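J.: entry.cif (mmCIF, C-alpha atoms) pasted underneath:
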```
data_final
#
loop_
_atom_site.label_atom_id
_atom_site.label_comp_id
_atom_site.auth_asym_id
_atom_site.auth_seq_id
_atom_site.Cartn_x
_atom_site.Cartn_y
_atom_site.Cartn_z
CA LEU P 265 -20.09 -13.26 -3.01
CA PRO P 266 -21.71 -15.63 -0.51
CA ALA P 267 -23.63 -14.00 2.32
CA GLY P 268 -21.91 -16.05 5.02
CA LEU P 269 -18.41 -14.95 4.01
CA SER P 270 -17.53 -13.11 7.22
CA GLN P 271 -18.81 -15.96 9.38
CA TRP P 272 -16.90 -18.72 7.56
CA PHE P 273 -13.63 -16.78 7.16
CA PRO P 274 -13.44 -14.25 9.98
CA ALA P 275 -9.63 -14.22 9.83
CA LEU P 276 -9.49 -13.41 6.11
CA GLU P 277 -6.71 -10.88 5.39
CA VAL P 278 -6.34 -10.93 1.62
CA LEU P 279 -9.16 -11.43 -0.89
CA ASP P 280 -8.60 -11.50 -4.65
CA VAL P 281 -11.79 -11.54 -6.73
CA SER P 282 -10.14 -10.13 -9.87
CA GLY P 283 -11.42 -11.27 -13.24
CA THR P 284 -14.62 -12.83 -11.91
CA GLY P 285 -17.13 -10.56 -13.66
CA LEU P 286 -18.50 -9.10 -10.43
CA ALA P 287 -20.79 -6.10 -10.91
CA GLU P 288 -20.90 -5.24 -7.23
CA LEU P 289 -19.07 -5.85 -3.98
CA GLY P 290 -21.78 -6.43 -1.44
CA ALA P 291 -22.45 -6.02 2.26
CA GLU P 292 -21.15 -9.56 2.94
CA LEU P 293 -17.64 -8.03 2.95
CA LEU P 294 -18.36 -5.38 5.60
CA ALA P 295 -17.96 -7.64 8.62
CA LEU P 296 -14.49 -8.95 7.71
CA PRO P 297 -12.46 -7.26 10.46
CA ARG P 298 -9.01 -8.50 9.39
CA LEU P 299 -9.25 -7.93 5.63
CA HIS P 300 -6.45 -5.51 4.70
CA THR P 301 -6.05 -6.25 0.99
CA LEU P 302 -8.96 -6.39 -1.46
CA LEU P 303 -8.16 -6.97 -5.14
CA ALA P 304 -11.10 -6.66 -7.52
CA LYS P 305 -9.44 -5.79 -10.85
CA ASN P 306 -10.95 -6.51 -14.26
CA ASN P 307 -14.55 -6.88 -13.20
CA ARG P 308 -17.79 -5.08 -14.11
CA LEU P 309 -17.80 -2.69 -11.17
CA GLY P 310 -18.70 0.94 -11.72
CA GLY P 311 -22.44 1.39 -11.44
CA PRO P 312 -24.16 2.81 -8.37
CA GLY P 313 -23.97 0.35 -5.50
CA SER P 314 -20.68 -1.17 -6.68
CA LEU P 315 -19.32 -0.73 -3.18
CA PRO P 316 -21.36 -1.54 -0.08
CA LYS P 317 -23.06 1.29 1.82
CA GLY P 318 -21.52 2.22 5.15
CA LEU P 319 -18.07 1.06 4.09
CA GLY P 320 -16.24 3.76 6.02
CA GLN P 321 -17.88 2.86 9.34
CA ALA P 322 -17.78 -0.94 9.01
CA PRO P 323 -15.04 -3.20 10.44
CA LEU P 324 -13.81 -3.59 6.84
CA GLY P 325 -13.52 0.17 6.52
CA ARG P 326 -11.08 0.31 9.42
CA SER P 327 -8.96 -2.67 8.39
CA LEU P 328 -8.60 -2.04 4.66
CA ARG P 329 -5.12 -0.89 3.61
CA VAL P 330 -4.91 -1.90 -0.06
CA LEU P 331 -7.75 -1.61 -2.58
CA ASN P 332 -7.30 -2.40 -6.27
CA LEU P 333 -10.26 -1.56 -8.51
CA SER P 334 -8.30 -1.24 -11.76
CA GLY P 335 -9.79 -2.41 -15.05
CA ASN P 336 -13.41 -1.75 -14.12
CA ARG P 337 -16.01 0.76 -15.34
CA PHE P 338 -15.96 3.51 -12.74
CA ALA P 339 -16.89 6.90 -14.24
CA GLU P 340 -16.25 8.62 -10.92
CA VAL P 341 -14.32 7.81 -7.77
CA PRO P 342 -16.97 6.00 -5.72
CA PRO P 343 -17.87 8.27 -2.76
CA ALA P 344 -18.25 5.19 -0.52
CA LEU P 345 -14.50 4.66 -0.49
CA LEU P 346 -13.64 8.20 0.57
CA GLY P 347 -14.41 7.16 4.16
CA LEU P 348 -11.50 4.68 4.25
CA ARG P 349 -9.26 6.69 6.53
CA GLY P 350 -6.75 3.84 6.94
CA LEU P 351 -6.35 3.12 3.22
CA GLN P 352 -2.70 3.22 2.13
CA SER P 353 -2.92 2.06 -1.47
CA LEU P 354 -5.65 2.75 -4.03
CA SER P 355 -5.69 1.79 -7.67
CA LEU P 356 -8.37 2.92 -10.09
CA GLY P 357 -6.20 2.48 -13.19
CA GLY P 358 -7.90 1.70 -16.48
CA ASN P 359 -11.38 2.92 -15.58
CA ARG P 360 -13.49 5.75 -17.05
CA LEU P 361 -12.78 8.54 -14.59
CA HIS P 362 -13.17 12.09 -15.90
CA GLY P 363 -12.00 13.80 -12.75
CA ILE P 364 -10.75 13.45 -9.19
CA PRO P 365 -13.07 14.60 -6.39
CA PRO P 366 -11.59 17.21 -3.98
CA ASP P 367 -12.75 14.95 -1.15
CA ILE P 368 -9.92 12.59 -2.11
CA GLN P 369 -8.14 14.49 0.66
CA GLU P 370 -10.23 12.48 3.17
CA LEU P 371 -7.99 9.45 2.50
CA ARG P 372 -5.53 10.68 5.10
CA SER P 373 -3.35 7.54 5.13
CA LEU P 374 -2.93 7.24 1.38
CA GLU P 375 0.65 6.59 0.22
CA PHE P 376 0.09 5.05 -3.19
CA LEU P 377 -2.46 6.36 -5.71
CA TYR P 378 -2.72 4.88 -9.21
CA LEU P 379 -5.08 6.71 -11.59
CA GLY P 380 -3.36 5.95 -14.90
CA GLY P 381 -5.37 5.13 -18.00
CA ASN P 382 -8.50 7.20 -17.41
CA PHE P 383 -9.96 10.38 -18.97
CA ILE P 384 -8.96 12.79 -16.23
CA THR P 385 -8.67 16.39 -17.44
CA ALA P 386 -7.67 18.24 -14.30
CA ILE P 387 -6.15 17.68 -10.88
CA PRO P 388 -7.81 19.28 -7.85
CA PRO P 389 -5.38 21.20 -5.63
CA GLU P 390 -6.90 19.32 -2.66
CA LEU P 391 -4.88 16.29 -3.79
CA ALA P 392 -1.91 18.10 -2.30
CA ASN P 393 -3.45 17.77 1.16
CA LEU P 394 -2.67 14.06 1.36
CA PRO P 395 0.16 14.12 3.93
CA SER P 396 1.70 10.70 3.19
CA LEU P 397 1.38 10.46 -0.58
CA SER P 398 4.64 9.05 -2.01
CA TYR P 399 3.65 7.47 -5.29
CA LEU P 400 1.25 9.22 -7.66
CA VAL P 401 0.44 7.85 -11.10
CA LEU P 402 -1.52 10.06 -13.51
CA CYS P 403 -0.16 8.77 -16.82
CA ASP P 404 -2.34 8.17 -19.89
CA ASN P 405 -4.99 10.76 -19.06
CA LYS P 406 -6.05 14.10 -20.59
CA ILE P 407 -4.46 16.41 -18.05
CA GLN P 408 -3.64 19.88 -19.35
CA SER P 409 -2.02 21.41 -16.30
CA ILE P 410 -0.67 20.59 -12.88
CA PRO P 411 -1.76 22.82 -10.00
CA PRO P 412 1.26 24.45 -8.34
CA GLN P 413 -0.11 23.32 -4.94
CA LEU P 414 1.06 19.81 -5.83
CA ALA P 415 4.52 20.97 -4.78
CA GLN P 416 3.21 20.78 -1.20
CA LEU P 417 3.33 16.98 -1.41
CA HIS P 418 6.56 16.83 0.56
CA SER P 419 6.64 13.04 0.76
CA LEU P 420 6.20 12.54 -2.99
CA ARG P 421 8.90 10.23 -4.31
CA SER P 422 7.48 9.18 -7.64
CA LEU P 423 5.26 11.12 -10.05
CA SER P 424 4.08 9.66 -13.32
CA LEU P 425 2.68 12.17 -15.82
CA HIS P 426 3.54 10.62 -19.18
CA ASN P 427 1.07 10.65 -22.07
CA ASN P 428 -1.06 13.63 -21.05
CA LEU P 429 -1.73 17.05 -22.59
CA LEU P 430 0.77 19.11 -20.59
CA THR P 431 2.42 22.02 -22.38
CA TYR P 432 4.33 23.27 -19.34
CA LEU P 433 4.92 22.49 -15.68
CA PRO P 434 4.56 24.80 -12.71
CA ARG P 435 7.89 26.14 -11.51
CA GLU P 436 7.07 24.84 -8.00
CA ILE P 437 7.72 21.31 -9.23
CA LEU P 438 11.39 22.07 -8.53
CA ASN P 439 10.47 22.26 -4.82
CA LEU P 440 9.66 18.57 -4.56
CA VAL P 441 12.94 17.73 -2.84
CA HIS P 442 12.17 14.08 -2.20
CA LEU P 443 11.09 13.36 -5.76
CA GLU P 444 13.16 10.52 -7.19
CA GLU P 445 11.22 9.72 -10.34
CA LEU P 446 9.30 11.87 -12.76
CA SER P 447 7.99 10.74 -16.15
CA LEU P 448 6.98 13.36 -18.69
CA ARG P 449 7.23 11.72 -22.11
CA GLY P 450 4.32 11.94 -24.51
CA ASN P 451 3.25 15.44 -23.48
CA PRO P 452 3.19 18.35 -25.94
CA LEU P 453 5.71 20.20 -23.81
CA VAL P 454 6.65 23.50 -25.32
CA VAL P 455 10.16 23.14 -26.69
CA ARG P 456 10.86 26.68 -27.75
CA PHE P 457 10.93 29.66 -25.45
CA VAL P 458 7.49 31.16 -25.11
CA ARG P 459 6.50 34.26 -23.29
CA ASP P 460 2.81 34.31 -22.67
CA LEU P 461 1.48 37.14 -20.59
CA THR P 462 -2.22 36.92 -20.06
CA TYR P 463 -3.70 38.51 -17.02
CA ASN P 464 -7.19 38.21 -15.62
CA PRO P 465 -7.81 40.88 -12.98
CA PRO P 466 -8.29 39.29 -9.57
CA SER P 467 -11.75 38.79 -8.04
CA LEU P 468 -12.80 40.54 -4.82
CA GLN P 469 -12.41 37.23 -3.01
CA GLU P 470 -8.86 36.93 -4.32
CA LEU P 471 -8.00 40.50 -3.30
CA ALA P 472 -9.39 39.94 0.18
CA GLY P 473 -7.48 36.66 0.46
CA ARG P 474 -4.24 38.31 -0.61
CA THR P 475 -4.65 41.09 1.95
CA ILE P 476 -5.29 38.62 4.76
CA LYS P 477 -2.21 36.63 3.87
CA THR P 478 0.24 39.45 3.16
CA ARG P 479 -0.82 41.55 6.16
CA ASN P 480 -0.94 38.44 8.38
CA VAL P 481 -4.48 39.23 9.50
CA PRO P 482 -5.16 36.63 12.20
CA TYR P 483 -8.10 34.29 11.76
CA ALA P 484 -9.29 31.05 13.30
CA PRO P 485 -11.35 28.29 11.66
CA SER P 486 -14.32 29.42 13.74
CA ASP P 487 -14.21 32.90 12.20
CA LEU P 488 -14.86 31.82 8.65
CA PRO P 489 -16.97 29.35 6.68
CA GLU P 490 -15.05 26.13 6.00
CA ASN P 491 -14.77 26.77 2.28
CA LEU P 492 -13.00 30.09 2.89
CA VAL P 493 -10.61 28.55 5.42
CA ARG P 494 -9.72 26.04 2.74
CA TYR P 495 -9.39 28.77 0.12
CA LEU P 496 -6.92 30.68 2.29
CA SER P 497 -4.79 27.57 2.74
CA LEU P 498 -4.33 27.34 -1.04
CA ALA P 499 -2.34 30.59 -1.32
CA SER P 500 0.80 30.38 -3.44
CA ASN P 501 3.83 32.60 -3.02
CA CYS P 502 4.91 34.94 -5.77
CA PRO P 503 8.30 33.70 -6.98
CA ASN P 504 9.65 37.22 -7.21
CA PRO P 505 11.83 37.40 -4.07
CA LYS P 506 11.39 41.13 -3.83
CA CYS P 507 7.62 40.85 -3.81
CA GLY P 508 6.65 38.60 -0.91
CA GLY P 509 3.07 38.63 -2.21
CA VAL P 510 0.68 35.72 -2.65
CA TYR P 511 -1.91 34.81 -5.20
CA PHE P 512 -4.79 32.35 -5.40
CA ASP P 513 -6.26 31.98 -8.87
CA SER P 514 -5.28 35.20 -10.56
CA CYS P 515 -1.74 35.30 -11.76
CA VAL P 516 0.41 36.23 -14.68
CA ARG P 517 1.73 33.22 -16.52
CA GLN P 518 5.13 33.22 -18.06
CA ILE P 519 6.64 30.10 -19.54
CA LYS P 520 10.26 29.84 -18.55
CA PHE P 521 12.78 27.52 -20.05
CA VAL P 522 14.82 25.80 -17.42
CA ASP P 523 17.91 24.37 -18.97
CA PHE P 524 18.94 21.25 -17.11
CA CYS P 525 22.66 21.56 -17.60
CA GLY P 526 22.24 21.93 -21.33
CA LYS P 527 20.84 18.46 -21.82
CA TYR P 528 17.15 18.80 -21.22
CA ARG P 529 14.94 21.78 -21.76
CA LEU P 530 11.81 21.83 -19.69
CA PRO P 531 9.21 24.58 -19.89
CA LEU P 532 8.28 25.71 -16.43
CA MET P 533 5.46 28.08 -15.77
CA HIS P 534 6.22 31.01 -13.54
CA TYR P 535 3.23 32.39 -11.76
CA LEU P 536 3.55 36.00 -10.77
CA CYS P 537 0.99 37.86 -8.75
CA SER P 538 0.74 40.80 -11.15
CA PRO P 539 2.26 42.07 -14.40
CA GLU P 540 4.43 44.45 -12.36
CA CYS P 541 6.21 41.53 -10.72
CA SER P 542 9.04 40.12 -12.70
CA SER P 543 10.30 36.59 -12.57
CA PRO P 544 13.54 36.25 -10.61
CA CYS P 545 15.20 34.86 -13.74
CA SER P 546 13.61 36.85 -16.57
CA SER P 547 15.62 37.45 -19.70
CA ALA P 548 16.67 40.96 -20.59
CA SER P 549 15.88 40.59 -24.28
CA GLN P 550 12.76 38.94 -25.61
CA SER P 551 14.46 37.45 -28.63
CA SER P 552 17.00 35.58 -26.56
CA THR P 553 16.58 31.83 -26.25
CA SER P 554 19.16 31.33 -23.55
CA GLN P 555 18.82 32.04 -19.86
CA SER P 556 20.22 35.12 -18.25
CA GLU P 557 22.11 34.66 -15.01
CA SER P 558 20.85 36.18 -11.80
CA ASP P 559 21.31 35.59 -8.06
CA SER P 560 18.28 33.39 -7.66
CA GLU P 561 19.31 31.44 -10.78
CA ASP P 562 21.74 29.54 -8.53
CA GLU P 563 18.92 28.19 -6.42
CA ALA P 564 16.99 27.29 -9.55
CA SER P 565 19.99 25.58 -11.13
CA VAL P 566 20.67 23.45 -8.05
CA ALA P 567 17.06 22.36 -8.12
CA ALA P 568 17.30 21.88 -11.88
CA ARG P 569 20.32 19.59 -11.62
CA ARG P 570 18.51 17.54 -9.02
CA MET P 571 15.48 17.37 -11.28
CA GLN P 572 17.62 16.25 -14.19
CA LYS P 573 18.64 13.15 -12.25
CA VAL P 574 15.02 12.50 -11.53
CA LEU P 575 13.57 12.74 -15.05
CA LEU P 576 12.67 9.48 -16.69
CA GLY P 577 12.76 9.81 -20.48
CA PHE H 154 8.61 2.61 -8.16
CA ARG H 155 10.01 1.99 -11.60
CA TYR H 156 10.91 -1.19 -13.45
CA THR H 157 13.67 -3.23 -11.81
CA ARG H 158 16.65 -4.95 -13.42
CA ASN H 159 17.64 -8.14 -11.69
CA LEU H 160 20.86 -9.84 -12.76
CA VAL H 161 20.61 -13.61 -12.90
CA ASP H 162 23.81 -14.72 -14.65
CA SER H 163 26.93 -12.94 -15.80
CA GLY H 164 28.12 -15.76 -18.08
CA ASN H 165 31.87 -15.66 -17.27
CA GLY H 166 31.97 -12.07 -18.46
CA LYS H 167 30.60 -12.97 -21.93
CA PHE H 168 26.98 -11.98 -21.39
CA ASN H 169 24.51 -10.59 -18.89
CA LEU H 170 21.25 -12.43 -18.30
CA MET H 171 18.69 -10.48 -16.33
CA ILE H 172 15.02 -10.38 -15.44
CA LEU H 173 13.14 -7.10 -15.67
CA CYS H 174 10.01 -6.57 -13.60
CA TRP H 175 7.59 -3.92 -14.85
CA GLY H 176 4.82 -2.46 -12.74
CA GLU H 177 1.66 -1.09 -14.29
CA GLY H 178 2.45 1.86 -16.54
CA HIS H 179 6.24 1.46 -16.22
CA GLY H 180 8.32 2.18 -19.28
CA SER H 181 11.94 2.65 -20.25
CA SER H 182 13.51 5.63 -21.94
CA ILE H 183 14.52 5.42 -25.61
CA HIS H 184 17.94 3.82 -25.51
CA ASP H 185 20.73 2.23 -27.55
CA HIS H 186 22.60 -0.99 -26.82
CA THR H 187 26.26 0.02 -26.80
CA ASP H 188 27.25 -2.22 -29.74
CA SER H 189 25.89 -5.37 -28.10
CA HIS H 190 23.31 -7.98 -29.07
CA CYS H 191 20.10 -7.73 -27.07
CA PHE H 192 17.57 -10.57 -26.83
CA MET H 193 14.33 -10.17 -24.93
CA LYS H 194 11.65 -12.73 -24.05
CA ILE H 195 8.34 -11.98 -22.35
CA LEU H 196 7.81 -14.24 -19.37
CA GLN H 197 4.61 -12.68 -18.07
CA GLY H 198 2.20 -10.02 -19.28
CA ASN H 199 2.77 -7.87 -22.39
CA LEU H 200 5.33 -5.25 -23.37
CA LYS H 201 5.08 -2.67 -26.12
CA GLU H 202 8.26 -2.09 -28.11
CA THR H 203 8.55 1.13 -30.13
CA LEU H 204 11.47 1.33 -32.58
CA PHE H 205 13.08 4.68 -33.42
CA GLU H 206 15.55 5.82 -36.06
CA TRP H 207 18.88 7.19 -34.84
CA PRO H 208 18.57 10.99 -34.66
CA GLU H 209 20.52 13.16 -37.12
CA LYS H 210 23.98 14.29 -35.97
CA LYS H 211 22.73 17.78 -35.11
CA GLY H 212 19.35 16.44 -34.13
CA ASN H 213 16.99 19.12 -32.97
CA GLY H 214 13.59 17.78 -33.90
CA GLU H 215 11.18 15.10 -32.86
CA MET H 216 12.67 11.60 -33.23
CA THR H 217 11.23 9.41 -35.98
CA LYS H 218 9.19 6.38 -34.92
CA LYS H 219 9.89 3.38 -37.16
CA SER H 220 7.37 0.88 -35.86
CA GLU H 221 5.72 -0.44 -32.75
CA ARG H 222 4.37 -3.79 -31.64
CA VAL H 223 3.02 -5.48 -28.55
CA LEU H 224 4.98 -8.53 -27.50
CA ARG H 225 2.88 -11.22 -25.86
CA GLU H 226 3.85 -13.87 -23.33
CA ASN H 227 6.66 -16.16 -24.58
CA GLN H 228 7.38 -13.97 -27.61
CA CYS H 229 11.00 -13.02 -28.30
CA ALA H 230 12.57 -9.91 -29.76
CA TYR H 231 16.08 -8.93 -30.82
CA ILE H 232 17.76 -5.57 -31.33
CA ASN H 233 21.21 -4.08 -31.86
CA ASP H 234 22.48 -0.60 -32.69
CA SER H 235 22.41 -1.19 -36.45
CA ILE H 236 18.69 -1.93 -36.27
CA GLY H 237 17.94 1.20 -34.29
CA LEU H 238 16.82 2.41 -30.88
CA HIS H 239 13.80 1.38 -28.88
CA ARG H 240 11.53 2.15 -25.96
CA VAL H 241 9.96 -0.74 -24.03
CA GLU H 242 6.84 -0.16 -21.94
CA ASN H 243 4.23 -2.02 -19.93
CA ILE H 244 1.17 -0.17 -21.15
CA SER H 245 -1.23 -2.12 -18.96
CA HIS H 246 -2.83 -0.34 -16.03
CA THR H 247 -3.95 -3.60 -14.48
CA GLU H 248 -1.22 -6.18 -15.10
CA THR H 249 2.47 -6.35 -14.27
CA ALA H 250 4.98 -7.76 -16.76
CA VAL H 251 8.21 -9.74 -16.52
CA SER H 252 10.84 -10.05 -19.25
CA LEU H 253 14.10 -11.97 -19.66
CA HIS H 254 17.00 -10.10 -21.29
CA LEU H 255 20.28 -11.36 -22.66
CA TYR H 256 23.01 -8.85 -23.56
CA SER H 257 26.20 -9.98 -25.24
CA PRO H 258 28.81 -8.64 -24.65
CA PRO H 259 27.64 -7.22 -21.32
CA PHE H 260 27.49 -3.41 -20.94
CA ASP H 261 26.84 -1.14 -18.00
CA SER H 262 26.21 2.15 -19.71
CA CYS H 263 24.16 3.28 -22.67
CA ASN H 264 22.65 6.44 -24.14
CA THR H 265 19.10 7.59 -23.47
CA PHE H 266 17.38 9.89 -25.96
CA ASP H 267 14.86 12.69 -25.55
CA GLN H 268 12.05 11.89 -27.99
CA ARG H 269 11.24 15.56 -28.56
CA THR H 270 14.74 16.68 -29.53
CA GLY H 271 16.92 13.65 -30.24
CA HIS H 272 19.43 14.82 -27.65
CA LYS H 273 21.29 11.94 -26.06
CA HIS H 274 22.54 11.49 -22.55
CA LYS H 275 24.90 8.77 -21.32
CA VAL H 276 23.63 6.85 -18.32
CA LYS H 277 25.07 4.15 -16.10
CA MET H 278 22.77 1.16 -15.81
CA THR H 279 22.17 -0.18 -12.34
CA PHE H 280 20.74 -3.40 -10.96
CA TYR H 281 17.99 -3.66 -8.39
CA SER H 282 19.34 -7.07 -7.43
CA GLN H 283 22.11 -9.43 -8.45
CA PHE H 284 21.93 -13.21 -8.10
CA GLY H 285 19.00 -12.85 -5.72
CA GLU H 286 20.60 -10.24 -3.45
CA ARG H 287 19.32 -6.67 -3.28
CA THR H 288 21.90 -4.22 -4.66
CA VAL H 289 22.20 -1.07 -2.60
CA CYS H 290 23.96 1.89 -4.25
#
```
Let me see the structure of the file written as structure tokens.
T.:
Amino acid sequence: LPAGLSQWFPALEVLDVSGTGLAELGAELLALPRLHTLLAKNNRLGGPGSLPKGLGQAPLGRSLRVLNLSGNRFAEVPPALLGLRGLQSLSLGGNRLHGIPPDIQELRSLEFLYLGGNFITAIPPELANLPSLSYLVLCDNKIQSIPPQLAQLHSLRSLSLHNNLLTYLPREILNLVHLEELSLRGNPLVVRFVRDLTYNPPSLQELAGRTIKTRNVPYAPSDLPENLVRYLSLASNCPNPKCGGVYFDSCVRQIKFVDFCGKYRLPLMHYLCSPECSSPCSSASQSSTSQSESDSEDEASVAARRMQKVLLG
Amino acid sequence: FRYTRNLVDSGNGKFNLMILCWGEGHGSSIHDHTDSHCFMKILQGNLKETLFEWPEKKGNGEMTKKSERVLRENQCAYINDSIGLHRVENISHTETAVSLHLYSPPFDSCNTFDQRTGHKHKVKMTFYSQFGERTVC
């Protein structure tokens, strides 16, 4: 791009350089103070230096709201863009990403995130810390599981998970009350009832974390290293209503069939904090393939009916 | 946040002509066509059409894929219930797609099918807009 760009077009708001073969977006863009939409799809971006240094601090970094880098060659989310605190829409579809950096949570204003068509294998729980995320596309990747923390994305309205390697979903997915669309096709979702009880004993860090949370031991961010403060914020509640416990990484997994009014059977993973805890809706007999009724089944079935309306085949 | 159906002409009750707008990654469910003729023409981008056999009466297994093809700009396709069921998807992660659909006679409900089990579910079809005006349900 020409070096004088920001001097000739200081009022530039939308720039589309898609399909031009660019291998890098240079510093000539940094001084464009009004540029809110930058489209650079189908180029040769992806190597080091694809995005200009100092992007987050530049005038461009404060004005940018929409960034489309789909159809390029990024093997990782470029760290330079994690400083774009005003960015509302980011597309990195059709690249070569193998993962999502936890620092994605720095994009505090993000509402729309398109990561379809990559090689992503896992989702960091930190993705759930994006307060305004409404539209999340993770289709056509290699994702094997969804972290239960994703249910903390209260503003999520649309979640695209089709064509991945999911065999089950976390039970917490039923908590996404504002979810209007969910696509799950093309995943090897377990169709038959499976009970899988594997238990890894918790680490000392996990045991300490559980004690702090369940005994409500007070702590302030200044008391602990930042990574432990973050760890404590990732606690999940045991779904057994009589337990009231929490767990971090160590949990008993039990795949539970949730029957959406007889029309759709979705395997949901129940996480329990220990083998002694039982799921609120566990079946009495192991050979049974239907659900047993229980008090908390009502809450689950209301959520299930809502989810049925949401599922896109 | 999913593909939109925009009614353009209702042909004196004899047909429905509509434009479908597909965002990146958007796809339809597997569906039938309620005994009507269905013509489709790609106006922009590409759409993948996957044909499926009708599931067995007591279907409880994975549905059988018959064929699939990618329809390019200006290409046309036709389907009716005797041919089978299909799923239409924009598999591009970088381009949107637009298609023109003609259904005769018009219908406002159809069945969607779960690919893993063949179970069907009747759904009412809604429009995002009609004759240029946004439809609010």
J.: List the residues matched by the PyMOL selection byres ((chain P) within 9 of (chain H)) in the displayed structure as a PyMOL selection string, ordered by chain and then by residue number.
T.: chain P and resi 305-306+332-335+355-358+378-381+399+401+403-404+421-422+424+445+449-450+452-453+455+527-528+576-577
J.: Output C-alpha atoms of each residue in that selection to a file, as a short mmCIF file (atom, residue, chain, number, x, y, z; two decimals), in the coordinates of the input.
T.:
```cif
data_model
loop_
_atom_site.label_atom_id
_atom_site.label_comp_id
_atom_site.auth_asym_id
_atom_site.auth_seq_id
_atom_site.Cartn_x
_atom_site.Cartn_y
_atom_site.Cartn_z
CA LYS P 305 -9.44 -5.79 -10.85
CA ASN P 306 -10.95 -6.51 -14.26
CA ASN P 332 -7.30 -2.40 -6.27
CA LEU P 333 -10.26 -1.56 -8.51
CA SER P 334 -8.30 -1.24 -11.76
CA GLY P 335 -9.79 -2.41 -15.05
CA SER P 355 -5.69 1.79 -7.67
CA LEU P 356 -8.37 2.92 -10.09
CA GLY P 357 -6.20 2.48 -13.19
CA GLY P 358 -7.90 1.70 -16.48
CA TYR P 378 -2.72 4.88 -9.21
CA LEU P 379 -5.08 6.71 -11.59
CA GLY P 380 -3.36 5.95 -14.90
CA GLY P 381 -5.37 5.13 -18.00
CA TYR P 399 3.65 7.47 -5.29
CA VAL P 401 0.44 7.85 -11.10
CA CYS P 403 -0.16 8.77 -16.82
CA ASP P 404 -2.34 8.17 -19.89
CA ARG P 421 8.90 10.23 -4.31
CA SER P 422 7.48 9.18 -7.64
CA SER P 424 4.08 9.66 -13.32
CA GLU P 445 11.22 9.72 -10.34
CA ARG P 449 7.23 11.72 -22.11
CA GLY P 450 4.32 11.94 -24.51
CA PRO P 452 3.19 18.35 -25.94
CA LEU P 453 5.71 20.20 -23.81
CA VAL P 455 10.16 23.14 -26.69
CA LYS P 527 20.84 18.46 -21.82
CA TYR P 528 17.15 18.80 -21.22
CA LEU P 576 12.67 9.48 -16.69
CA GLY P 577 12.76 9.81 -20.48
#
```
J.: Report, in Å to a single decimal, how far apart CA of Tyr495 in chain P and CA of Gly473 in chain P are.
T.: 8.1 Å
J.: Point out the residue among H:Asn199, H:Leu204, H:Glu209, H:Glu242 with the least atom-to-atom distance to Cys229 in chain H, counting only C-alpha atoms.
T.: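 Going through H:Asn199, H:Leu204, H:Glu209, H:Glu242 one by one, the smallest distance to Cys229 in chain H is for H:Asn199.
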J.: Give me, please, the distance in Å between CA of Gly237 in chain H and CA of His186 in chain H, quoted to one decimal.
T.: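 Value for the CA of Gly237 in chain H-CA of His186 in chain H distance: 9.1 Å.
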J.: So that I can see what lies close to Gly268 in chain P, please list as a PyMOL selection string the residues with an atom at most 12 Å from it, counting only C-alpha atoms and leaving out residues fewer than 2 positions away in the same chain.
T.: chain P and resi 265-266+270-274+290-296
J.: Could you tell me how far CA of Leu351 in chain P lies from CA of Leu492 in chain P, in Å and to one decimal?
T.: 27.8 Å
J.: Translate the PyMOL selection byres ((chain H and resi 191) around 6) into a concrete residue list for this structure, as a list in words.
T.: His190, Phe192, Tyr231, Ile232, Leu255 and Tyr256 of chain H
J.: Within 8 Å of His418 in chain P, counting all atoms listed in the file, which residues qualify if same-chain residues fewer than 2 places away don't, as a short mmCIF file (atom, residue, chain, number, x, y, z; two decimals) with C-alpha atoms, in the frame of the given file?
T.:
```cif
data_model
loop_
_atom_site.label_atom_id
_atom_site.label_comp_id
_atom_site.auth_asym_id
_atom_site.auth_seq_id
_atom_site.Cartn_x
_atom_site.Cartn_y
_atom_site.Cartn_z
CA PRO P 395 0.16 14.12 3.93
CA ALA P 415 4.52 20.97 -4.78
CA GLN P 416 3.21 20.78 -1.20
CA LEU P 420 6.20 12.54 -2.99
CA LEU P 440 9.66 18.57 -4.56
CA VAL P 441 12.94 17.73 -2.84
CA HIS P 442 12.17 14.08 -2.20
#
```
J.: Would you mind telling me which residue in P:Ile476, P:Ile407, P:Leu345, P:Leu498 lies nearest to Asn451 in chain P when using all atoms listed in the file?
T.: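 Going through P:Ile476, P:Ile407, P:Leu345, P:Leu498 one by one, the smallest distance to Asn451 in chain P is for P:Ile407.
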J.: Report as a ChimeraX atom specification all protein, DNA and RNA residues lying within 8 Å of Ser500 in chain P, evaluated on all atoms listed in the file, omitting residues in the same chain fewer than 5 positions from it.
T.: /P:412-413,510-512
J.: So that I can see what lies close to Glu206 in chain H, please list as a VMD selection string the residues with an atom at most 9 Å from it, counting all atoms listed in the file and leaving out residues fewer than 5 positions away in the same chain.
T.: chain H and resid 216 to 219 236 to 239
J.: I need the residues from that last selection saved to file as a CSV table (one decimal), in the coordinates of the input (with C-alpha atoms), if you can.
T.:
```
chain,number,residue,atom,x,y,z
H,216,MET,CA,12.7,11.6,-33.2
H,217,THR,CA,11.2,9.4,-36.0
H,218,LYS,CA,9.2,6.4,-34.9
H,219,LYS,CA,9.9,3.4,-37.2
H,236,ILE,CA,18.7,-1.9,-36.3
H,237,GLY,CA,17.9,1.2,-34.3
H,238,LEU,CA,16.8,2.4,-30.9
H,239,HIS,CA,13.8,1.4,-28.9
```
J.: With C-alpha atoms retained, output range 270-275 of chain H as a compact mmCIF listing (two decimals), in the first residue's frame.
T.:
```txt
# COMPACT_ATOMS: atom_id res chain seq x y z
CA THR H 270 -31.27 -40.82 13.01
CA GLY H 271 -33.64 -40.02 10.14
CA HIS H 272 -36.17 -38.61 12.59
CA LYS H 273 -38.31 -35.91 11.04
CA HIS H 274 -39.75 -32.78 12.55
CA LYS H 275 -42.35 -30.51 10.96
```
